[in-house]
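Data first, discussion second: the structure below is written as C-alpha cells.
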Amino acid sequence: MTGRDGVTLDGDSAPARDAGYDPTMYELLKTIDDPRALRALDRRQLHQLADELRAYVLESVSRTGGHLSSNLGTVELTIALHYVFDTPEDRIVWDVGHQSYPHKILTGRREAMARLRMYGGISGFPRRAESVYDTFGTAHSSTSISAALGMAHAARLAGARRHAIAVIGDGAMSAGMAFEALNHAGVTDLDLLVILNDNEMSISPPVGALNRYLARLISGQVFQSARKAGEKVLKAVPSLLHFAKRVEEHAKGLVVPSTLFEEFGFNYFGPIDGHDLESLVPTLANLKQLEGPRFLHVITRKGQGYKLAEADPVLYHGVSKFAPESGIAGARGGGKLTYTQIFGDWLCDIAARDPRVVGITPAMREGSGLVRFAEEYPARYFDVGIAEQHAVSFAAGLACDGVKPVVAIYSTFLQRGYDQLIHDVCIQNLPILFALDRAGLVGADGATHHGAFDLSYLRCLPNMVVMTPADEDECRQMLYTGYTLDGPAAVRYPRGSGPGKSPAPEMTALPVGKAELRRRGSRVAILAFGAPLAAALEAGDALDATVVNMRFVKPLDGALVEEIARGHTLVVTVEENVVMGGAGSAVAEALASRGVSVPLLQLGLPDRFIDHGDQAQLLALAGLDAPGIIAAIRARCPE
C-alpha cells in the first residue's frame with residue numbers, strides 16, 4: 001500500500017485489499033475515537049484499520065520525531081487487544097511505553113499526535129494524567145508485570161471482574177524485576193495475562209542467554225512436528241515411549257518454548273504471529289475466558305511495513321523529523337560533536353593505551369556512544385541487557401580483580417542501580433568510572449528521562465568524585481581524570497552538543513576538587529556547575545559579575561568558595577539539577593561549615609517534575625538560560 005507521502009508500506013494485507021481503497025484518507029481510522037468504536041467494527045474490517053493505522057503512525061512520527069520501529073511493530077497487537085478486551089475497564093499496561101503510539105491513536109488522541117512530545121502536547125509514553133486508557137505510567141522498562149499484578153490484586157480486593165494485561169518486550173524480559181514479578185504472579189490464581197512481544201530486539205541488539213532462548217522459540221513448530229513423529233514410531237514399543245517421555249521432561253527446558261514460563265506457574269501459549277489478526281483475535285478471545293496467570297508469546301517485527309525501518313530498526317528506534325520517502329540517511333549532515341561522541345572517542349583512545357579498560361552498558365550501545373568501541377574492542381565490550389543493577393555489580397566484580405571498568409549509562413537509568421552503587425562500589429571504594437549521559441533536561445522524552453537528580457544522589461556518597469564538564473574538551477579531560485583515580489568517579493554531561501570547544505588530542509588529569517575562575521567582576525559572583533557555564537558567562541558580562549567554573553561538585557573547592565563569598569555581596573549557584581540537595585546545597589554547606597554568612601541564590605531545577613518539550617525551551621522555562629539567570633539576579637540584587 002502507499003501512504004500519504006508516497007511511501008510504500010509492506011503490510012500483511014492481500015494486494016486486492018490494498019487496491020480497494022485510498023488509505024491516504026484514513027477513512028476507517030478517522031471514525032475510531034475510542035475503543036468502543038473499534039469493537040463495533042466487523043472483524044473483517046480490522047485489516048484495513050491496521051493498514052491505515054500503520055500509515056498514520058509513520059506519517060505522524062516522521063513529522064514530529066519519536067519512537068518509530070517499535071510502534072510499527074505493535075499495530076495489529078494493539079488493535080486485537082482493544083477489540084477483544086473491554087478497555088479501559090480491563091487494564092492494559094504497556095511496558096516501557098515506546099510501543100504505545102497505536103494505543104494512543106485508538107484511544108482518542110489521533111489528532112493530538114501532531115504535537116507528540118512537544119511542550120503542552122501529549123507524551124511519548126503512557127501517562128495516567130493524559131488518558132483513562134493509560135492505566136500505568138511507563139518509560140523505564142520491566143515494570144509492567146509488577147504493575148499489572150498489582151491491578152489484578154486490586155480487582156480481587158474490590159470484588160471486580162476485570163482483566164489485567166501486561167505487554168512486555170523481549171529486551172525488557174532480561175531485567176531481574178520482570179522475573180521477580182513472574183515469580184510472585186505464578187503462585188497466585190489471579191486473572192493476569194502477560195504478553196511477551198518478542199521482536200528479537202530491545203533498543204540495542206539483544207544480548208544474553210534468555211534472548212538466545214527466545215530466538216529458538218520461533219522454531220518450536222519444528223520440535224513439535226518431530227515429537228509427534230517420534231511418538232508415532234515409539235507407540236509400537238510402549239517401554240521406549242515411556243522412557244522417551246521421561247527424557248523429554250528432563251531436557252525440554254532446553255527446547256520446548258513453554259517450559260521456562262510454566263515453571264513460574266503460568267499457562268503458556270504460543271508463539272504466534274503478532275501481525276496475523278486472524279490468529280491474534282481468536283487467541284486473545286480464548287485466553288480471555290481462562291483463569292489464572294496466562295502467558296502469550298507473540299512474535300512481531302520492529303519496523304513492520306516500512307522497509308527502511310525493517311532493514312535498520314535500531315536507526316529507526318528513536319527518530320527526529322524525516323521524509324519517509326528518503327528516510328533518515330537522506331537527512332544526515334554534519335554539525336558539532338556531541339558529548340556522547342566525545343565520550344565514545346575518549347573510551348577508544350584510553351583503551352588503546354590501557355588493556356585493562358573495559359566498557360559496560362545496560363542495552364544502550366548506540367545511545368551511549370559505544371558502537372565504535374564495540375567494533376574495535378569486542379572482547380572488552382559488555383552489553384549486559386536491560387539490567388542496571390547487574391551492570392553496576394558486574395563492574396564492581398571486574399574492578400576487584402584489577403580491571404578498569406567504565407560504565408556508560410544515562411543519568412536516569414543509574415537510579416535503578418543505586419543500591420549497588422552504594423553497597424558494591426562506594427563502600428568498597430572501587431575504581432569505577434561512571435559516564436553519565438543525558439544529565440540535566442533531555443527534552444522530548446520528559447520527566448522519566450530527565451537527568452535531574454544525579455548531583456543530589458551522587459554527592460551524598462562517601463568516596464565518590466563528581467565532575468561536571470562545561471565544554472567538550474573539559475569532558476574529555478574529566479573522563480581521563482576519573483580514569484586515573486583509585487576510587488569511584490562520575491562525569492555527568494548533557495544530551496547533545498556543547499559550546500563548540502574542540503577536545504584536545506592529549507589527555508591531562510585535572511587537579512581534583514579545584515575550580516576555575518573564568519571572569520572577575522564585582523558585587524555578584526556566579527558559581528556555575530557544568531553546562532550552564534555558557535549562560536552564566538553571558539549573564540556575567542551583562543551584570544559585571546564574577547563567574548567561576550566550579551568543575552567539581554565533590555570534592556568542592558571550599559577554599560575558593562569561601563574567598564569568593566567574602567569578596568561579594570551575593571553568591572549565585574547555577575546547576576542543571578534539582579536545587580534540593582544539589583550543587584548549590586553543597587556550596588551552602590561549605591559556607592556554613594566555614595562560618596561565612598552571605599546571601600546565597602540557588603538556581604536550578606524546581607521541586608517538581610519537568611514535562612517534555614524542546615530542550616532549550618525547557619531550560620528557558622526553568623530560568624537556566626542567560627536571560628533567566630540575569631532576571632533572577634536582578635530580582636534579588638537590584639542595581
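By order in the C-alpha cells, chains are A, B, ...; within a chain, residues start at 1; ligands start at 1, following the order shown.
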Within 9 Å of Thr546 in chain A, counting only C-alpha atoms, which residues qualify if same-chain residues fewer than 6 places away don't, as a list in words?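 After dropping sequence-adjacent residues, the list is Leu517, Arg518, Arg519, Arg520, Gly521, Ser522, Arg523, Val524, Ala525, Ile526, Leu527, Leu537, Gly540, Ile564 and His568 of chain A.
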Surrounding residues of Ala626 in chain A excluding itself and chain neighbours under 2 positions, 6 Å, only C-alpha atoms, as a VMD selection string: chain A and resid 535 539 628 to 629
Please write the residues from the selection above to a file, keeping all heavy atoms, as a CSV table (one decimal), in the first residue's frame.
```csv
chain,number,residue,atom,x,y,z
A,535,ALA,N,25.8,30.1,29.8
A,535,ALA,CA,24.8,31.1,30.1
A,535,ALA,C,25.2,32.0,31.2
A,535,ALA,O,25.0,33.2,31.3
A,535,ALA,CB,23.5,30.4,30.5
A,539,ALA,N,25.6,36.0,31.4
A,539,ALA,CA,25.0,36.8,32.4
A,539,ALA,C,26.0,37.6,33.2
A,539,ALA,O,25.8,38.8,33.5
A,539,ALA,CB,24.3,35.9,33.4
A,628,GLY,N,17.2,34.2,32.0
A,628,GLY,CA,16.6,33.7,33.2
A,628,GLY,C,17.6,34.0,34.4
A,628,GLY,O,17.1,34.4,35.5
A,629,ILE,N,18.8,33.7,34.2
A,629,ILE,CA,19.8,34.0,35.2
A,629,ILE,C,19.9,35.5,35.6
A,629,ILE,O,19.9,35.9,36.7
A,629,ILE,CB,21.2,33.4,34.8
A,629,ILE,CG1,21.1,31.9,34.7
A,629,ILE,CG2,22.3,33.8,35.9
A,629,ILE,CD1,22.4,31.3,34.1
```
What's around Ala37 in chain A at 12 Å? Count only C-alpha atoms, leave out sequence neighbours fewer than 5 positions away in its own chain, and write the answer as a list in words. Leu28, Leu29, Lys30, Thr31, Ile32, Asp42, Leu46, Leu49, Ile79, His82, Tyr83, Asp86, Thr87, Leu106, Thr107 and Gly108 of chain A
Which of A:Ile299, A:Leu421, A:Tyr410, A:Ala112 sits closest to Phe269 in chain A [using only C-alpha atoms]: A:Ile299
If you run DSSP on this backbone, which residues of range 247-385 of chain A come out as strand (DSSP E or B), and could you give them as number ranges by chain? A: 267-273, 294-299, 306, 318-319, 338, 357-361, 381-383
I'd like the neighbourhood of Gly440 in chain A as JSON, numbers by chain, where a residue qualifies if any of its atoms comes within 8 Å (using only C-alpha atoms), though same-chain residues fewer than 2 positions away should be ignored. {"A": [438, 442, 450, 451, 452, 493, 494, 495, 576, 577]}
Can you check which parts of range 121-142 of chain A lie within 12 Å of range 381-405 of chain A? Per residue, the shortest pair of atoms and distance in Å to one decimal, counting only C-alpha atoms, sorted by chain and number, as a tab-separated table.
```
residue	atom	partner	partner_atom	distance
A:His140	CA	A:Ile386	CA	9.6
A:Ser141	CA	A:Ile386	CA	7.6
A:Ser142	CA	A:Ile386	CA	8.4
```
Would you save the residues from that selection as a compact mmCIF listing (two decimals), in the first residue's frame, using all heavy atoms?
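Writing done, so here's part-v3.txt:
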```txt
# COMPACT_ATOMS: atom_id res chain seq x y z
N HIS A 140 10.58 3.58 31.97
CA HIS A 140 11.69 2.68 32.27
C HIS A 140 11.16 1.26 32.18
O HIS A 140 10.04 0.98 32.61
CB HIS A 140 12.25 2.95 33.67
CG HIS A 140 13.03 4.22 33.76
ND1 HIS A 140 13.82 4.52 34.85
CD2 HIS A 140 13.17 5.25 32.91
CE1 HIS A 140 14.39 5.69 34.66
NE2 HIS A 140 14.01 6.16 33.49
N SER A 141 11.95 0.37 31.65
CA SER A 141 11.43 -0.94 31.28
C SER A 141 11.21 -1.87 32.47
O SER A 141 11.66 -1.63 33.59
CB SER A 141 12.41 -1.62 30.32
OG SER A 141 13.50 -2.16 31.02
N SER A 142 10.48 -2.95 32.15
CA SER A 142 10.37 -4.14 33.01
C SER A 142 9.47 -3.97 34.22
O SER A 142 9.53 -4.76 35.15
CB SER A 142 11.77 -4.61 33.46
OG SER A 142 12.67 -4.60 32.38
```
Of the residues A:Glu375, A:Asp625, A:Asp486, A:Asp445, which is the one nearest to Ala536 in chain A, using only C-alpha atoms?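 Under the stated criterion, the closest residue is A:Asp625.
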List as a Markdown table every residue of range 24-81 of chain A that is in contact with range 612-622 of chain A, defined as an atom at most 12 Å from one of its atoms (using only C-alpha atoms), together with the nearest atom pair and the distance in Å rounded to one decimal, sorted by chain and then rising number.
```
| residue | atom | partner | partner_atom | distance |
| --- | --- | --- | --- | --- |
| A:Thr64 | CA | A:Gly613 | CA | 11.5 |
| A:Gly65 | CA | A:Asp614 | CA | 11.6 |
| A:Gly66 | CA | A:Gly613 | CA | 11.9 |
```
Measuring between only C-alpha atoms, which one of A:Ala504, A:Ala311, A:Ala631, A:Leu436 shows the shortest distance to Thr361 in chain A?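 Nearest candidate to Thr361 in chain A out of A:Ala504, A:Ala311, A:Ala631, A:Leu436: A:Leu436.
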Separation of CA of Cys637 in chain A from CA of Gln602 in chain A, in Å and rounded to one decimal: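 One can read the CA of Cys637 in chain A to CA of Gln602 in chain A distance as 13.5 Å.
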For Ile168 in chain A, find every residue with an atom within 10 Å (counting only C-alpha atoms), except residues of its own chain fewer than 2 positions away, and show them as a PyMOL selection string. chain A and resi 93-97+99+141-145+165-166+170-173+178+194-198
Can you pull out every residue within 9 Å of Gln415 in chain A, counting only C-alpha atoms, but drop anything in the same chain fewer than 3 positions away, and send it as a short mmCIF file (atom, residue, chain, number, x, y, z; two decimals) with N, CA, C and O atoms, in the first residue's frame?
```cif
data_model
loop_
_atom_site.label_atom_id
_atom_site.label_comp_id
_atom_site.auth_asym_id
_atom_site.auth_seq_id
_atom_site.Cartn_x
_atom_site.Cartn_y
_atom_site.Cartn_z
N GLU A 388 20.36 -2.71 34.95
CA GLU A 388 21.25 -1.69 35.50
C GLU A 388 21.90 -2.13 36.81
O GLU A 388 23.07 -1.82 37.07
N SER A 411 21.93 9.12 33.06
CA SER A 411 21.72 9.57 34.43
C SER A 411 20.44 8.97 35.03
O SER A 411 20.44 8.46 36.15
N THR A 412 19.37 8.99 34.25
CA THR A 412 18.10 8.49 34.77
C THR A 412 18.11 6.99 35.00
O THR A 412 17.37 6.48 35.84
N TYR A 418 21.08 2.13 42.14
CA TYR A 418 21.60 2.95 43.24
C TYR A 418 22.06 2.13 44.45
O TYR A 418 23.07 2.43 45.06
N ASP A 419 21.32 1.10 44.79
CA ASP A 419 21.73 0.26 45.92
C ASP A 419 23.11 -0.36 45.65
O ASP A 419 23.97 -0.39 46.54
N PHE A 453 18.50 14.43 38.89
CA PHE A 453 18.77 14.13 40.30
C PHE A 453 20.17 13.61 40.61
O PHE A 453 20.51 13.38 41.77
N ASP A 454 21.00 13.41 39.59
CA ASP A 454 22.26 12.70 39.84
C ASP A 454 23.21 13.45 40.76
O ASP A 454 23.91 12.84 41.57
N TYR A 457 21.93 12.68 44.25
CA TYR A 457 22.07 11.32 44.76
C TYR A 457 23.52 10.82 44.74
O TYR A 457 23.85 9.84 45.40
#
```
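Using only C-alpha atoms, the nearest neighbour of His449 in chain A within the list A:Thr468, A:Ser320, A:Ser597, A:Thr138 is A:Thr138.
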When DSSP is applied to the backbone of this structure, which of range 1-135 of chain A are assigned helix (DSSP H, G or I)? Write them out as an MDAnalysis selection string. chainID A and resid 15:19 23:25 29:31 35:39 43:64 69:72 75:84 101:109 111:115
Looking at only C-alpha atoms, which of A:Ser62, A:Ser174, A:Ser69, A:Thr135 is the one that sits closest to Glu89 in chain A?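 Closest to Glu89 in chain A, using only C-alpha atoms: A:Thr135.
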One number please: CA of Thr448 in chain A to CA of Phe125 in chain A, in Å, one decimal. 9.2 Å
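Shortest atom-to-atom contact with Asn267 in chain A among A:Leu315, A:Lys288, A:Leu193, A:Arg353: A:Leu193, counting only C-alpha atoms.
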